[in-house]
>>> print(open('input-v5.pdb').read())   # PDB, C-alpha atoms and all ligand atoms
ATOM      1  CA  MET E   2     -12.978  21.146  12.441
ATOM      2  CA  SER E   3     -10.802  21.174  15.573
ATOM      3  CA  ASN E   4      -7.279  19.812  15.728
ATOM      4  CA  SER E   5      -8.401  16.804  17.774
ATOM      5  CA  ASP E   6     -10.413  15.686  14.725
ATOM      6  CA  LYS E   7      -7.190  15.210  12.808
ATOM      7  CA  TYR E   8      -5.360  11.925  12.541
ATOM      8  CA  PRO E   9      -2.375  11.800  14.932
ATOM      9  CA  VAL E  10       0.765  13.135  13.265
ATOM     10  CA  LEU E  11       2.472   9.720  13.153
ATOM     11  CA  MET E  12      -0.488   8.241  11.280
ATOM     12  CA  ARG E  13      -0.482  11.165   8.863
ATOM     13  CA  LEU E  14       3.248  10.776   8.220
ATOM     14  CA  MET E  15       2.882   7.025   7.702
ATOM     15  CA  HIS E  16      -0.075   7.524   5.375
ATOM     16  CA  TRP E  17       1.749   9.819   2.965
ATOM     17  CA  ILE E  18       5.169   8.125   3.138
ATOM     18  CA  VAL E  19       3.738   4.641   2.545
ATOM     19  CA  GLY E  20       1.352   5.983  -0.115
ATOM     20  CA  LEU E  21       4.211   7.543  -2.107
ATOM     21  CA  LEU E  22       6.382   4.452  -1.672
ATOM     22  CA  ILE E  23       3.623   2.155  -2.916
ATOM     23  CA  LEU E  24       2.918   4.285  -5.980
ATOM     24  CA  GLY E  25       6.684   4.389  -6.682
ATOM     25  CA  ILE E  26       7.011   0.610  -6.296
ATOM     26  CA  ILE E  27       4.067   0.021  -8.652
ATOM     27  CA  GLY E  28       5.596   2.402 -11.204
ATOM     28  CA  ALA E  29       9.013   0.732 -10.905
ATOM     29  CA  GLY E  30       7.445  -2.758 -11.206
ATOM     30  CA  TRP E  31       5.509  -1.787 -14.303
ATOM     31  CA  TYR E  32       8.603  -0.153 -15.830
ATOM     32  CA  MET E  33      11.137  -2.881 -15.010
ATOM     33  CA  VAL E  34       9.130  -5.806 -16.434
ATOM     34  CA  GLY E  35       8.972  -3.973 -19.772
ATOM     35  CA  LEU E  36      12.756  -3.522 -20.003
ATOM     36  CA  ASP E  37      14.768  -5.700 -22.348
ATOM     37  CA  ASP E  38      17.200  -8.076 -20.623
ATOM     38  CA  SER E  39      20.047  -6.242 -22.345
ATOM     39  CA  VAL E  40      19.337  -3.085 -20.304
ATOM     40  CA  SER E  41      22.198  -2.954 -17.802
ATOM     41  CA  TYR E  42      20.217  -1.519 -14.869
ATOM     42  CA  LYS E  43      17.135  -3.746 -15.259
ATOM     43  CA  TYR E  44      17.993  -6.010 -12.334
ATOM     44  CA  ASP E  45      19.136  -3.068 -10.195
ATOM     45  CA  ILE E  46      15.539  -1.874 -10.403
ATOM     46  CA  TYR E  47      14.368  -5.377  -9.436
ATOM     47  CA  HIS E  48      16.622  -5.145  -6.385
ATOM     48  CA  TRP E  49      15.195  -1.776  -5.306
ATOM     49  CA  HIS E  50      11.649  -2.889  -6.123
ATOM     50  CA  LYS E  51      12.023  -5.944  -3.884
ATOM     51  CA  SER E  52      13.811  -4.082  -1.076
ATOM     52  CA  PHE E  53      11.233  -1.298  -0.831
ATOM     53  CA  GLY E  54       8.499  -3.927  -1.195
ATOM     54  CA  VAL E  55       9.821  -5.837   1.828
ATOM     55  CA  LEU E  56      10.110  -2.529   3.701
ATOM     56  CA  ILE E  57       6.368  -2.027   3.116
ATOM     57  CA  ILE E  58       5.663  -5.251   5.091
ATOM     58  CA  PHE E  59       7.570  -3.871   8.108
ATOM     59  CA  LEU E  60       5.957  -0.442   7.750
ATOM     60  CA  LEU E  61       2.525  -2.073   7.608
ATOM     61  CA  PHE E  62       3.062  -3.792  10.950
ATOM     62  CA  ALA E  63       4.460  -0.588  12.483
ATOM     63  CA  ARG E  64       1.486   1.294  11.068
ATOM     64  CA  LEU E  65      -1.061  -1.099  12.533
ATOM     65  CA  VAL E  66       0.646  -0.919  15.952
ATOM     66  CA  ILE E  67       0.596   2.901  15.764
ATOM     67  CA  ARG E  68      -3.061   2.788  14.747
ATOM     68  CA  TRP E  69      -3.901   0.476  17.629
ATOM     69  CA  ALA E  70      -2.099   2.789  20.086
ATOM     70  CA  SER E  71      -3.625   6.006  18.666
ATOM     71  CA  LYS E  72      -6.925   7.742  18.912
ATOM     72  CA  VAL E  73      -8.406   7.541  15.404
ATOM     73  CA  PRO E  74     -10.811  10.465  14.876
ATOM     74  CA  LYS E  75     -14.457   9.504  14.379
ATOM     75  CA  LEU E  76     -16.050  10.444  11.068
ATOM     76  CA  PRO E  77     -18.646  13.241  11.311
ATOM     77  CA  ASP E  78     -22.071  11.730  12.119
ATOM     78  CA  SER E  79     -23.600  13.892   9.414
ATOM     79  CA  ILE E  80     -21.900  11.798   6.700
ATOM     80  CA  PRO E  81     -24.510   9.198   5.651
ATOM     81  CA  ALA E  82     -23.936   5.822   7.341
ATOM     82  CA  TYR E  83     -23.522   3.968   4.053
ATOM     83  CA  GLN E  84     -20.703   6.346   3.030
ATOM     84  CA  ARG E  85     -18.977   5.911   6.382
ATOM     85  CA  LYS E  86     -19.227   2.111   6.008
ATOM     86  CA  LEU E  87     -17.971   2.259   2.424
ATOM     87  CA  GLY E  88     -14.994   4.411   3.440
ATOM     88  CA  THR E  89     -14.084   2.048   6.280
ATOM     89  CA  LEU E  90     -14.437  -0.972   3.986
ATOM     90  CA  VAL E  91     -12.086   0.639   1.450
ATOM     91  CA  HIS E  92      -9.548   1.390   4.220
ATOM     92  CA  TRP E  93      -9.486  -2.246   5.337
ATOM     93  CA  LEU E  94      -9.210  -3.418   1.732
ATOM     94  CA  LEU E  95      -6.210  -1.099   1.357
ATOM     95  CA  TYR E  96      -4.600  -2.640   4.447
ATOM     96  CA  LEU E  97      -5.358  -6.164   3.157
ATOM     97  CA  PHE E  98      -3.749  -5.477  -0.233
ATOM     98  CA  MET E  99      -0.791  -3.664   1.367
ATOM     99  CA  PHE E 100      -0.158  -7.063   2.975
ATOM    100  CA  LEU E 101      -1.020  -9.441   0.108
ATOM    101  CA  VAL E 102       0.921  -7.581  -2.601
ATOM    102  CA  PRO E 103       4.391  -7.562  -0.993
ATOM    103  CA  VAL E 104       3.933 -10.977   0.635
ATOM    104  CA  SER E 105       3.039 -12.527  -2.736
ATOM    105  CA  GLY E 106       6.209 -10.930  -4.188
ATOM    106  CA  TYR E 107       8.308 -12.221  -1.306
ATOM    107  CA  MET E 108       6.914 -15.764  -1.576
ATOM    108  CA  MET E 109       7.241 -15.744  -5.377
ATOM    109  CA  SER E 110      10.958 -14.935  -5.169
ATOM    110  CA  ASP E 111      11.478 -17.321  -2.258
ATOM    111  CA  ALA E 112       9.688 -20.237  -4.000
ATOM    112  CA  GLY E 113      11.634 -19.398  -7.148
ATOM    113  CA  GLY E 114      14.829 -20.110  -5.223
ATOM    114  CA  ARG E 115      15.961 -16.485  -5.233
ATOM    115  CA  ASP E 116      17.288 -14.504  -2.277
ATOM    116  CA  VAL E 117      14.851 -11.870  -1.035
ATOM    117  CA  PRO E 118      16.802  -8.640  -0.435
ATOM    118  CA  LEU E 119      16.191  -5.877   2.057
ATOM    119  CA  PHE E 120      18.709  -3.377   0.683
ATOM    120  CA  ASN E 121      22.082  -4.970   1.590
ATOM    121  CA  LEU E 122      20.536  -7.601   3.874
ATOM    122  CA  VAL E 123      19.091 -10.947   2.845
ATOM    123  CA  MET E 124      15.696 -11.870   4.281
ATOM    124  CA  PRO E 125      15.061 -15.350   5.660
ATOM    125  CA  SER E 126      13.757 -18.066   3.355
ATOM    126  CA  PHE E 127      10.546 -19.831   4.387
ATOM    127  CA  LEU E 128       9.842 -21.967   1.299
ATOM    128  CA  GLU E 129      11.521 -24.859  -0.495
ATOM    129  CA  LYS E 130      12.279 -24.139  -4.133
ATOM    130  CA  ASN E 131       9.023 -24.896  -5.970
ATOM    131  CA  PRO E 132       8.752 -23.563  -9.548
ATOM    132  CA  GLU E 133       5.071 -24.457  -9.835
ATOM    133  CA  LEU E 134       4.170 -22.487  -6.678
ATOM    134  CA  ALA E 135       6.457 -19.649  -7.825
ATOM    135  CA  GLY E 136       4.557 -19.575 -11.120
ATOM    136  CA  ARG E 137       1.203 -19.306  -9.382
ATOM    137  CA  LEU E 138       2.479 -16.569  -7.074
ATOM    138  CA  HIS E 139       3.850 -14.770 -10.137
ATOM    139  CA  ASP E 140       0.387 -14.908 -11.758
ATOM    140  CA  MET E 141      -0.963 -13.349  -8.570
ATOM    141  CA  HIS E 142       1.777 -10.733  -8.147
ATOM    142  CA  VAL E 143       1.395  -9.341 -11.670
ATOM    143  CA  ILE E 144      -2.338  -8.716 -11.121
ATOM    144  CA  ILE E 145      -3.020  -7.724  -7.527
ATOM    145  CA  PRO E 146      -0.793  -4.588  -7.472
ATOM    146  CA  TYR E 147      -3.109  -3.168 -10.137
ATOM    147  CA  VAL E 148      -6.154  -4.159  -8.063
ATOM    148  CA  LEU E 149      -4.529  -2.219  -5.193
ATOM    149  CA  LEU E 150      -4.020   0.716  -7.567
ATOM    150  CA  GLY E 151      -7.713   0.560  -8.488
ATOM    151  CA  ILE E 152      -8.708   0.666  -4.807
ATOM    152  CA  VAL E 153      -6.357   3.643  -4.286
ATOM    153  CA  VAL E 154      -8.109   5.436  -7.166
ATOM    154  CA  LEU E 155     -11.532   4.830  -5.568
ATOM    155  CA  HIS E 156     -10.127   5.972  -2.214
ATOM    156  CA  THR E 157      -8.732   9.171  -3.789
ATOM    157  CA  LEU E 158     -11.998   9.867  -5.615
ATOM    158  CA  GLY E 159     -13.767   9.539  -2.249
ATOM    159  CA  ALA E 160     -11.420  12.117  -0.691
ATOM    160  CA  ILE E 161     -11.945  14.468  -3.675
ATOM    161  CA  LYS E 162     -15.727  14.088  -3.503
ATOM    162  CA  HIS E 163     -15.806  15.000   0.191
ATOM    163  CA  ARG E 164     -13.464  17.933  -0.305
ATOM    164  CA  PHE E 165     -14.943  19.568  -3.387
ATOM    165  CA  PHE E 166     -18.462  18.226  -3.854
ATOM    166  CA  ASP E 167     -19.761  18.006  -0.309
ATOM    167  CA  LYS E 168     -20.413  20.113   2.809
ATOM    168  CA  PRO E 169     -17.236  21.754   4.208
ATOM    169  CA  GLU E 170     -17.544  19.736   7.444
ATOM    170  CA  HIS E 171     -17.321  16.537   5.365
ATOM    171  CA  ASP E 172     -13.836  17.417   4.096
ATOM    172  CA  VAL E 173     -12.051  14.363   5.536
ATOM    173  CA  LEU E 174      -8.856  15.177   3.630
ATOM    174  CA  ARG E 175      -8.101  17.900   6.203
ATOM    175  CA  ARG E 176      -7.907  15.173   8.839
ATOM    176  CA  MET E 177      -5.072  13.514   6.928
ATOM    177  CA  LEU E 178      -3.078  16.641   5.925
TER
HETATM  178  C1  LIG E 201       4.048  -2.966  -1.979
HETATM  179  C2  LIG E 201       4.871  -3.796  -2.536
HETATM  180  C3  LIG E 201       4.887  -4.177  -3.987
HETATM  181  C4  LIG E 201       4.200  -3.673  -5.065
HETATM  182  C5  LIG E 201       3.170  -2.539  -5.058
HETATM  183  C6  LIG E 201       4.616  -4.412  -6.235
HETATM  184  C7  LIG E 201       4.145  -4.190  -7.521
HETATM  185  C8  LIG E 201       4.589  -4.830  -8.652
HETATM  186  C9  LIG E 201       4.162  -4.545 -10.002
HETATM  187  C10 LIG E 201       3.143  -3.495 -10.414
HETATM  188  C11 LIG E 201       4.855  -5.358 -10.835
HETATM  189  C12 LIG E 201       4.753  -5.416 -12.371
HETATM  190  C13 LIG E 201       3.746  -6.449 -12.786
HETATM  191  C14 LIG E 201       3.575  -6.504 -14.283
HETATM  192  O1  LIG E 201       3.076  -5.513 -14.861
HETATM  193  O2  LIG E 201       3.899  -7.553 -14.865
HETATM  194  C15 LIG E 201       5.721  -6.170 -10.025
HETATM  195  C16 LIG E 201       6.598  -7.124 -10.517
HETATM  196  C17 LIG E 201       7.484  -7.821  -9.727
HETATM  197  N1  LIG E 201       7.593  -7.775  -8.349
HETATM  198 FE1  LIG E 201       6.573  -6.579  -7.121
HETATM  199  N2  LIG E 201       5.548  -5.341  -5.864
HETATM  200  C18 LIG E 201       5.741  -5.229  -4.509
HETATM  201  C19 LIG E 201       6.588  -5.994  -3.732
HETATM  202  C20 LIG E 201       7.444  -6.959  -4.209
HETATM  203  C21 LIG E 201       8.322  -7.765  -3.388
HETATM  204  C22 LIG E 201       8.425  -7.679  -1.873
HETATM  205  C23 LIG E 201       8.995  -8.596  -4.226
HETATM  206  C24 LIG E 201      10.037  -9.639  -3.936
HETATM  207  C25 LIG E 201      10.740  -9.719  -2.847
HETATM  208  C26 LIG E 201       8.546  -8.293  -5.575
HETATM  209  C27 LIG E 201       9.027  -8.905  -6.705
HETATM  210  C28 LIG E 201       8.604  -8.642  -7.982
HETATM  211  C29 LIG E 201       9.182  -9.259  -9.162
HETATM  212  C30 LIG E 201      10.331 -10.267  -9.190
HETATM  213  C31 LIG E 201       8.472  -8.747 -10.252
HETATM  214  C32 LIG E 201       8.728  -9.032 -11.734
HETATM  215  C33 LIG E 201       7.993 -10.219 -12.211
HETATM  216  C34 LIG E 201       8.352 -10.475 -13.667
HETATM  217  O3  LIG E 201       9.532 -10.287 -14.025
HETATM  218  O4  LIG E 201       7.455 -10.865 -14.416
HETATM  219  N3  LIG E 201       7.604  -7.297  -5.528
HETATM  220  N4  LIG E 201       5.540  -5.831  -8.701
HETATM  221  C1  LIG E 202      -1.067   4.270  -2.209
HETATM  222  C2  LIG E 202      -1.812   5.259  -1.800
HETATM  223  C3  LIG E 202      -2.680   5.256  -0.559
HETATM  224  C4  LIG E 202      -2.896   4.288   0.385
HETATM  225  C5  LIG E 202      -2.295   2.883   0.457
HETATM  226  C6  LIG E 202      -3.834   4.840   1.371
HETATM  227  C7  LIG E 202      -4.313   4.152   2.483
HETATM  228  C8  LIG E 202      -5.132   4.674   3.454
HETATM  229  C9  LIG E 202      -5.618   3.973   4.607
HETATM  230  C10 LIG E 202      -5.314   2.512   4.934
HETATM  231  C11 LIG E 202      -6.384   4.825   5.334
HETATM  232  C12 LIG E 202      -7.122   4.524   6.620
HETATM  233  C13 LIG E 202      -6.464   5.136   7.810
HETATM  234  C14 LIG E 202      -7.024   4.533   9.093
HETATM  235  O1  LIG E 202      -6.472   3.511   9.523
HETATM  236  O2  LIG E 202      -8.021   5.056   9.624
HETATM  237  C15 LIG E 202      -6.381   6.088   4.629
HETATM  238  C16 LIG E 202      -7.042   7.226   5.047
HETATM  239  C17 LIG E 202      -7.156   8.365   4.275
HETATM  240  N1  LIG E 202      -6.588   8.593   3.023
HETATM  241 FE1  LIG E 202      -5.391   7.356   2.024
HETATM  242  N2  LIG E 202      -4.160   6.114   0.998
HETATM  243  C18 LIG E 202      -3.487   6.405  -0.174
HETATM  244  C19 LIG E 202      -3.541   7.580  -0.899
HETATM  245  C20 LIG E 202      -4.373   8.626  -0.609
HETATM  246  C21 LIG E 202      -4.573   9.799  -1.445
HETATM  247  C22 LIG E 202      -3.882  10.026  -2.790
HETATM  248  C23 LIG E 202      -5.485  10.592  -0.792
HETATM  249  C24 LIG E 202      -6.115  11.915  -1.174
HETATM  250  C25 LIG E 202      -5.879  12.632  -2.191
HETATM  251  C26 LIG E 202      -5.829   9.935   0.453
HETATM  252  C27 LIG E 202      -6.684  10.433   1.411
HETATM  253  C28 LIG E 202      -7.000   9.835   2.595
HETATM  254  C29 LIG E 202      -7.831  10.445   3.604
HETATM  255  C30 LIG E 202      -8.490  11.815   3.520
HETATM  256  C31 LIG E 202      -7.935   9.525   4.656
HETATM  257  C32 LIG E 202      -8.709   9.704   5.956
HETATM  258  C33 LIG E 202     -10.145   9.352   5.785
HETATM  259  C34 LIG E 202     -10.866   9.596   7.087
HETATM  260  O3  LIG E 202     -10.834  10.725   7.548
HETATM  261  O4  LIG E 202     -11.430   8.643   7.630
HETATM  262  N3  LIG E 202      -5.155   8.749   0.527
HETATM  263  N4  LIG E 202      -5.621   5.974   3.476
END
>>> encode(input="input-v5.pdb", output="structure tokens")
Amino acid sequence: MSNSDKYPVLMRLMHWIVGLLILGIIGAGWYMVGLDDSVSYKYDIYHWHKSFGVLIIFLLFARLVIRWASKVPKLPDSIPAYQRKLGTLVHWLLYLFMFLVPVSGYMMSDAGGRDVPLFNLVMPSFLEKNPELAGRLHDMHVIIPYVLLGIVVLHTLGAIKHRFFDKPEHDVLRRML
């Protein structure tokens, strides 16, 4: 595999930084909702969860611009077409959920009448206070991060399959490292 088959370095950096951030945000979300209200730092975690979550929205746009401006390496033709299609489908599902998950969190807080933080900044409000809408967005936001996690697991299993249980030239992980 030649170097030109690798993803451009900016895309590789984005991939691993955003990936770690998302896993951290999911872990923090899962942890913070289980904390008792008496725990002094509970809402500090909410603050960081929301701030990094909003950051993901900006990083997603930056990432898509970088992708659009970059040369994305073609998958080896020898990988069966259905596997190439499946991989591409999973990638676009990942992008879709990287949008839906933080936006549902943002809109949930906004419709709940709460300020949406970006570290020490306050993000603009787009919605009138609407507890019913906030409730529905809450129902959504407590499920879809775990759907995203499930897609990440499939995605990771795909990378492992091609690295360890496939021909060496099908090792797509090398393109992302
Ligand atoms: C990539 C971004 C994000 C991910 C992966 C994510 C993930 C999660 C997860 C896994 C939970 C726990 C759900 C549960 O088990 O009940 C959660 C809860 C929560 N998230 Fe997010 N989130 C993200 C972005 C945001 C944003 C941008 C906001 C608001 C600005 C937000 C606000 C909240 C709130 C308030 C809760 C707690 C809900 C409750 O107390 O029941 N999240 N999030
Ligand atoms: C939250 C975690 C992750 C997210 C959101 C994510 C998302 C993505 C996305 C959207 C792409 C498509 C890049 C493009 O636009 O072409 C991609 C590619 C890739 N990811 Fe991930 N990823 C995550 C974690 C991982 C992990 C843990 C591994 C491996 C152990 C991995 C391995 C790869 C590889 C090898 C590619 C390139 C596939 C190819 O050559 O076409 N990713 N990832």
>>> residues_near_ligand(input="input-v5.pdb", ligand="ligand LIG 201 (chain E)", cutoff="9 Å", atoms="all atoms listed in the file", output="JSON, numbers by chain")
{"E": [19, 22, 23, 24, 25, 26, 27, 28, 29, 30, 31, 32, 33, 34, 35, 47, 48, 50, 51, 52, 53, 54, 55, 56, 57, 58, 98, 99, 100, 101, 102, 103, 104, 105, 106, 107, 108, 109, 110, 111, 115, 116, 117, 118, 119, 124, 139, 140, 142, 143, 144, 145, 146, 147, 149, 150]}
>>> write_last_selection(input="input-v5.pdb", atoms="C-alpha atoms", output="PDB file, in the frame of the given file")
ATOM      1  CA  VAL E  19       3.738   4.641   2.545  1.00  0.00           C
ATOM      2  CA  LEU E  22       6.382   4.452  -1.672  1.00  0.00           C
ATOM      3  CA  ILE E  23       3.623   2.155  -2.916  1.00  0.00           C
ATOM      4  CA  LEU E  24       2.918   4.285  -5.980  1.00  0.00           C
ATOM      5  CA  GLY E  25       6.684   4.389  -6.682  1.00  0.00           C
ATOM      6  CA  ILE E  26       7.011   0.610  -6.296  1.00  0.00           C
ATOM      7  CA  ILE E  27       4.067   0.021  -8.652  1.00  0.00           C
ATOM      8  CA  GLY E  28       5.596   2.402 -11.204  1.00  0.00           C
ATOM      9  CA  ALA E  29       9.013   0.732 -10.905  1.00  0.00           C
ATOM     10  CA  GLY E  30       7.445  -2.758 -11.206  1.00  0.00           C
ATOM     11  CA  TRP E  31       5.509  -1.787 -14.303  1.00  0.00           C
ATOM     12  CA  TYR E  32       8.603  -0.153 -15.830  1.00  0.00           C
ATOM     13  CA  MET E  33      11.137  -2.881 -15.010  1.00  0.00           C
ATOM     14  CA  VAL E  34       9.130  -5.806 -16.434  1.00  0.00           C
ATOM     15  CA  GLY E  35       8.972  -3.973 -19.772  1.00  0.00           C
ATOM     16  CA  TYR E  47      14.368  -5.377  -9.436  1.00  0.00           C
ATOM     17  CA  HIS E  48      16.622  -5.145  -6.385  1.00  0.00           C
ATOM     18  CA  HIS E  50      11.649  -2.889  -6.123  1.00  0.00           C
ATOM     19  CA  LYS E  51      12.023  -5.944  -3.884  1.00  0.00           C
ATOM     20  CA  SER E  52      13.811  -4.082  -1.076  1.00  0.00           C
ATOM     21  CA  PHE E  53      11.233  -1.298  -0.831  1.00  0.00           C
ATOM     22  CA  GLY E  54       8.499  -3.927  -1.195  1.00  0.00           C
ATOM     23  CA  VAL E  55       9.821  -5.837   1.828  1.00  0.00           C
ATOM     24  CA  LEU E  56      10.110  -2.529   3.701  1.00  0.00           C
ATOM     25  CA  ILE E  57       6.368  -2.027   3.116  1.00  0.00           C
ATOM     26  CA  ILE E  58       5.663  -5.251   5.091  1.00  0.00           C
ATOM     27  CA  PHE E  98      -3.749  -5.477  -0.233  1.00  0.00           C
ATOM     28  CA  MET E  99      -0.791  -3.664   1.367  1.00  0.00           C
ATOM     29  CA  PHE E 100      -0.158  -7.063   2.975  1.00  0.00           C
ATOM     30  CA  LEU E 101      -1.020  -9.441   0.108  1.00  0.00           C
ATOM     31  CA  VAL E 102       0.921  -7.581  -2.601  1.00  0.00           C
ATOM     32  CA  PRO E 103       4.391  -7.562  -0.993  1.00  0.00           C
ATOM     33  CA  VAL E 104       3.933 -10.977   0.635  1.00  0.00           C
ATOM     34  CA  SER E 105       3.039 -12.527  -2.736  1.00  0.00           C
ATOM     35  CA  GLY E 106       6.209 -10.930  -4.188  1.00  0.00           C
ATOM     36  CA  TYR E 107       8.308 -12.221  -1.306  1.00  0.00           C
ATOM     37  CA  MET E 108       6.914 -15.764  -1.576  1.00  0.00           C
ATOM     38  CA  MET E 109       7.241 -15.744  -5.377  1.00  0.00           C
ATOM     39  CA  SER E 110      10.958 -14.935  -5.169  1.00  0.00           C
ATOM     40  CA  ASP E 111      11.478 -17.321  -2.258  1.00  0.00           C
ATOM     41  CA  ARG E 115      15.961 -16.485  -5.233  1.00  0.00           C
ATOM     42  CA  ASP E 116      17.288 -14.504  -2.277  1.00  0.00           C
ATOM     43  CA  VAL E 117      14.851 -11.870  -1.035  1.00  0.00           C
ATOM     44  CA  PRO E 118      16.802  -8.640  -0.435  1.00  0.00           C
ATOM     45  CA  LEU E 119      16.191  -5.877   2.057  1.00  0.00           C
ATOM     46  CA  MET E 124      15.696 -11.870   4.281  1.00  0.00           C
ATOM     47  CA  HIS E 139       3.850 -14.770 -10.137  1.00  0.00           C
ATOM     48  CA  ASP E 140       0.387 -14.908 -11.758  1.00  0.00           C
ATOM     49  CA  HIS E 142       1.777 -10.733  -8.147  1.00  0.00           C
ATOM     50  CA  VAL E 143       1.395  -9.341 -11.670  1.00  0.00           C
ATOM     51  CA  ILE E 144      -2.338  -8.716 -11.121  1.00  0.00           C
ATOM     52  CA  ILE E 145      -3.020  -7.724  -7.527  1.00  0.00           C
ATOM     53  CA  PRO E 146      -0.793  -4.588  -7.472  1.00  0.00           C
ATOM     54  CA  TYR E 147      -3.109  -3.168 -10.137  1.00  0.00           C
ATOM     55  CA  LEU E 149      -4.529  -2.219  -5.193  1.00  0.00           C
ATOM     56  CA  LEU E 150      -4.020   0.716  -7.567  1.00  0.00           C
TER      57      LEU E 150
END
>>> resolve_selection(input="input-v5.pdb", expression="the PyMOL selection byres (((not hetatm)) within 6 of (chain E and resi 202))", output="tab-separated table (two decimals) with C-alpha atoms, keeping the file's coordinate frame")
chain	number	residue	atom	x	y	z
E	20	GLY	CA	1.35	5.98	-0.12
E	23	ILE	CA	3.62	2.15	-2.92
E	24	LEU	CA	2.92	4.28	-5.98
E	92	HIS	CA	-9.55	1.39	4.22
E	95	LEU	CA	-6.21	-1.10	1.36
E	96	TYR	CA	-4.60	-2.64	4.45
E	153	VAL	CA	-6.36	3.64	-4.29
E	157	THR	CA	-8.73	9.17	-3.79
E	160	ALA	CA	-11.42	12.12	-0.69
E	173	VAL	CA	-12.05	14.36	5.54
E	174	LEU	CA	-8.86	15.18	3.63
E	176	ARG	CA	-7.91	15.17	8.84
E	177	MET	CA	-5.07	13.51	6.93
>>> closest_residue(input="input-v5.pdb", among="E:Arg85, E:Lys7, E:Lys75, E:His16", to="Leu60 of chain E", atoms="all atoms listed in the file")
E:His16
>>> residues_around(input="input-v5.pdb", residues="Ile67 of chain E", least_positions_apart="6", cutoff="10 Å", atoms="only C-alpha atoms", output="PDB file with C-alpha atoms, in the frame of the given file")
ATOM      1  CA  PRO E   9      -2.375  11.800  14.932  1.00  0.00           C
ATOM      2  CA  LEU E  11       2.472   9.720  13.153  1.00  0.00           C
ATOM      3  CA  MET E  12      -0.488   8.241  11.280  1.00  0.00           C
ATOM      4  CA  MET E  15       2.882   7.025   7.702  1.00  0.00           C
ATOM      5  CA  LEU E  61       2.525  -2.073   7.608  1.00  0.00           C
TER       6      LEU E  61
END
>>> residues_around(input="input-v5.pdb", residues="Asp6 of chain E", least_positions_apart="2", cutoff="12 Å", atoms="only C-alpha atoms", output="NGL selection string")
:E and (2-4 or 8-10 or 72-77 or 170-178)
>>> closest_residue(input="input-v5.pdb", among="E:Ile161, E:Ser126, E:Trp69, E:His156", to="Thr89 of chain E", atoms="only C-alpha atoms")
E:His156
>>> closest_residue(input="input-v5.pdb", among="E:Lys43, E:Lys86, E:Arg13, E:Lys162", to="Arg68 of chain E", atoms="only C-alpha atoms")
E:Arg13
>>> atom_distance(input="input-v5.pdb", atom1="atom CA of Arg164 of chain E", atom2="atom CA of Leu94 of chain E")
21.9 Å
>>> atom_distance(input="input-v5.pdb", atom1="atom CA of Phe120 of chain E", atom2="atom CA of Trp49 of chain E")
7.1 Å
>>> atom_distance(input="input-v5.pdb", atom1="atom CA of His163 of chain E", atom2="atom CA of Gln84 of chain E")
10.3 Å
>>> axis_aligned_box(input="input-v5.pdb", around="segment 36-53 of chain E", padding_each_side="3 Å", output="JSON")
{"center_x": 16.7, "center_y": -4.7, "center_z": -11.6, "size_x": 17.0, "size_y": 12.8, "size_z": 27.5}
>>> closest_residue(input="input-v5.pdb", among="E:Phe62, E:Ala70, E:Gly113, E:Leu90", to="Leu155 of chain E", atoms="only C-alpha atoms")
E:Leu90
